[in-house]
Amino acid sequence: MAGRAGIPNKSSALIAMIADEDTVTGFLLAGVGNVDLRRKTNYLIVDSKTTVKQIEDAFKEFTTKDEIAIVLISQYVANMIRFLVDSYNKPVPAILEIPSKDHPYDPASDSVLSRVKYLFSAESVAGDRR
């Protein structure tokens, strides 16, 4: 099986996705998809039938797996579980909110951007004290 990726180890990691079908399909075509031995995938396709509980469960599962380094989540999906996304504070896996085709991106509600703004405002206050 030459050229085929092996089982993830400490030097490799996966990207997980929680997004609409078009976004997930695009990333799967780019090669980020994975199915483990128990037939568990590293993505969740969110549509009108997907419940908030399913999204919460997928988010919790992806953020606790050792082999996942990044969780990409559509911003409109992140808004459905905003309390979980905002309360998540571990560096790995990193949570990145991405836009989707049908929902515009709102930088004001992006959790990463708000943390960066907070850090820079705290630095500027600390810098003024010097």
# chains A, B, ... in the order shown; residues from 1 in each chain; ligands from 1

call {"tool": "select_by_dssp", "arguments": {"residues": "chain A", "states": "strand (DSSP E or B)", "output": "VMD selection string"}}
result
chain A and resid 14 to 19 35 41 43 to 45 68 to 74 94 to 98

call {"tool": "write_last_selection", "arguments": {"atoms": "N, CA, C and O atoms", "output": "compact mmCIF listing (two decimals), in the first residue's frame"}}
result
# COMPACT_ATOMS: atom_id res chain seq x y z
N LEU A 14 -4.89 14.54 12.85
CA LEU A 14 -6.03 14.69 11.95
C LEU A 14 -6.71 16.04 12.12
O LEU A 14 -6.58 16.69 13.15
N ILE A 15 -7.46 16.41 11.10
CA ILE A 15 -8.35 17.56 11.16
C ILE A 15 -9.76 17.01 11.23
O ILE A 15 -10.13 16.15 10.42
N ALA A 16 -10.56 17.48 12.18
CA ALA A 16 -11.96 17.09 12.27
C ALA A 16 -12.82 18.22 11.75
O ALA A 16 -12.41 19.39 11.78
N MET A 17 -14.02 17.89 11.27
CA MET A 17 -14.91 18.91 10.70
C MET A 17 -16.32 18.74 11.19
O MET A 17 -16.82 17.62 11.28
N ILE A 18 -16.96 19.86 11.48
CA ILE A 18 -18.39 19.90 11.77
C ILE A 18 -18.94 21.03 10.89
O ILE A 18 -18.68 22.21 11.18
N ALA A 19 -19.63 20.67 9.83
CA ALA A 19 -20.06 21.69 8.87
C ALA A 19 -21.15 21.13 7.96
O ALA A 19 -21.54 19.97 8.07
N VAL A 35 -11.59 7.30 8.49
CA VAL A 35 -12.51 6.37 9.13
C VAL A 35 -11.64 5.39 9.91
O VAL A 35 -10.75 4.75 9.34
N THR A 41 -15.96 8.36 11.95
CA THR A 41 -15.36 9.33 11.05
C THR A 41 -14.85 10.54 11.83
O THR A 41 -15.18 10.71 13.00
N TYR A 43 -15.60 13.59 10.92
CA TYR A 43 -16.43 14.70 10.47
C TYR A 43 -17.89 14.44 10.80
O TYR A 43 -18.31 13.30 10.99
N LEU A 44 -18.64 15.53 10.87
CA LEU A 44 -20.09 15.47 11.03
C LEU A 44 -20.71 16.42 10.02
O LEU A 44 -20.35 17.61 9.99
N ILE A 45 -21.59 15.89 9.18
CA ILE A 45 -22.31 16.72 8.22
C ILE A 45 -23.58 17.21 8.90
O ILE A 45 -24.40 16.41 9.35
N ILE A 68 -6.58 14.12 17.03
CA ILE A 68 -7.11 15.30 16.33
C ILE A 68 -6.38 16.55 16.81
O ILE A 68 -6.29 16.82 18.00
N ALA A 69 -5.85 17.31 15.84
CA ALA A 69 -5.10 18.53 16.16
C ALA A 69 -5.92 19.79 15.93
O ALA A 69 -5.70 20.81 16.58
N ILE A 70 -6.86 19.75 14.97
CA ILE A 70 -7.67 20.92 14.63
C ILE A 70 -9.11 20.47 14.42
O ILE A 70 -9.36 19.45 13.79
N VAL A 71 -10.04 21.25 14.95
CA VAL A 71 -11.46 21.04 14.67
C VAL A 71 -11.95 22.26 13.89
O VAL A 71 -11.94 23.37 14.41
N LEU A 72 -12.33 22.04 12.65
CA LEU A 72 -12.92 23.09 11.83
C LEU A 72 -14.43 23.01 12.00
O LEU A 72 -15.01 21.94 11.82
N ILE A 73 -15.04 24.12 12.35
CA ILE A 73 -16.48 24.14 12.55
C ILE A 73 -17.06 25.36 11.85
O ILE A 73 -16.52 26.47 11.97
N SER A 74 -18.12 25.16 11.08
CA SER A 74 -18.78 26.29 10.43
C SER A 74 -19.31 27.23 11.51
O SER A 74 -19.83 26.79 12.53
N ALA A 94 -7.06 22.69 18.32
CA ALA A 94 -7.45 24.09 18.10
C ALA A 94 -8.82 24.10 17.44
O ALA A 94 -9.11 23.29 16.57
N ILE A 95 -9.67 25.03 17.86
CA ILE A 95 -11.00 25.18 17.28
C ILE A 95 -10.97 26.38 16.35
O ILE A 95 -10.67 27.49 16.78
N LEU A 96 -11.27 26.16 15.08
CA LEU A 96 -11.29 27.25 14.11
C LEU A 96 -12.67 27.33 13.47
O LEU A 96 -13.17 26.34 12.94
N GLU A 97 -13.27 28.51 13.54
CA GLU A 97 -14.56 28.73 12.92
C GLU A 97 -14.35 29.20 11.49
O GLU A 97 -13.55 30.09 11.24
N ILE A 98 -15.08 28.57 10.58
CA ILE A 98 -14.92 28.87 9.16
C ILE A 98 -16.28 29.29 8.58
O ILE A 98 -17.32 28.93 9.11

call {"tool": "select_by_dssp", "arguments": {"residues": "chain A", "states": "helix (DSSP H, G or I)", "output": "ChimeraX atom specification"}}
result
/A:21-29,52-64,75-80,82-87,107-109,111-129

call {"tool": "closest_residue", "arguments": {"among": "A:Ser48, A:Arg38, A:Asn79, A:Pro93", "to": "A:Thr64", "atoms": "only C-alpha atoms"}}
result
A:Pro93

call {"tool": "residues_around", "arguments": {"residues": "A:Thr23", "least_positions_apart": "4", "cutoff": "8 Å", "atoms": "only C-alpha atoms", "output": "list in words"}}
result
Ala19, Phe27, Ser100 and Lys101 of chain A

call {"tool": "write_last_selection", "arguments": {"atoms": "C-alpha atoms", "output": "PDB file, in the first residue's frame"}}
result
ATOM      1  CA  ALA A  19     -20.064  21.690   8.867  1.00  0.00           C
ATOM      2  CA  PHE A  27     -12.384  19.038   2.623  1.00  0.00           C
ATOM      3  CA  SER A 100     -19.984  28.414   4.859  1.00  0.00           C
ATOM      4  CA  LYS A 101     -21.550  28.951   1.471  1.00  0.00           C
TER       5      LYS A 101
END

call {"tool": "closest_residue", "arguments": {"among": "A:Ile81, A:Val116, A:Leu28, A:Leu37", "to": "A:Gln54", "atoms": "only C-alpha atoms"}}
result
A:Ile81

call {"tool": "closest_residue", "arguments": {"among": "A:Gly26, A:Asp20, A:Ser109, A:Gln75", "to": "A:Lys49", "atoms": "only C-alpha atoms"}}
result
A:Asp20
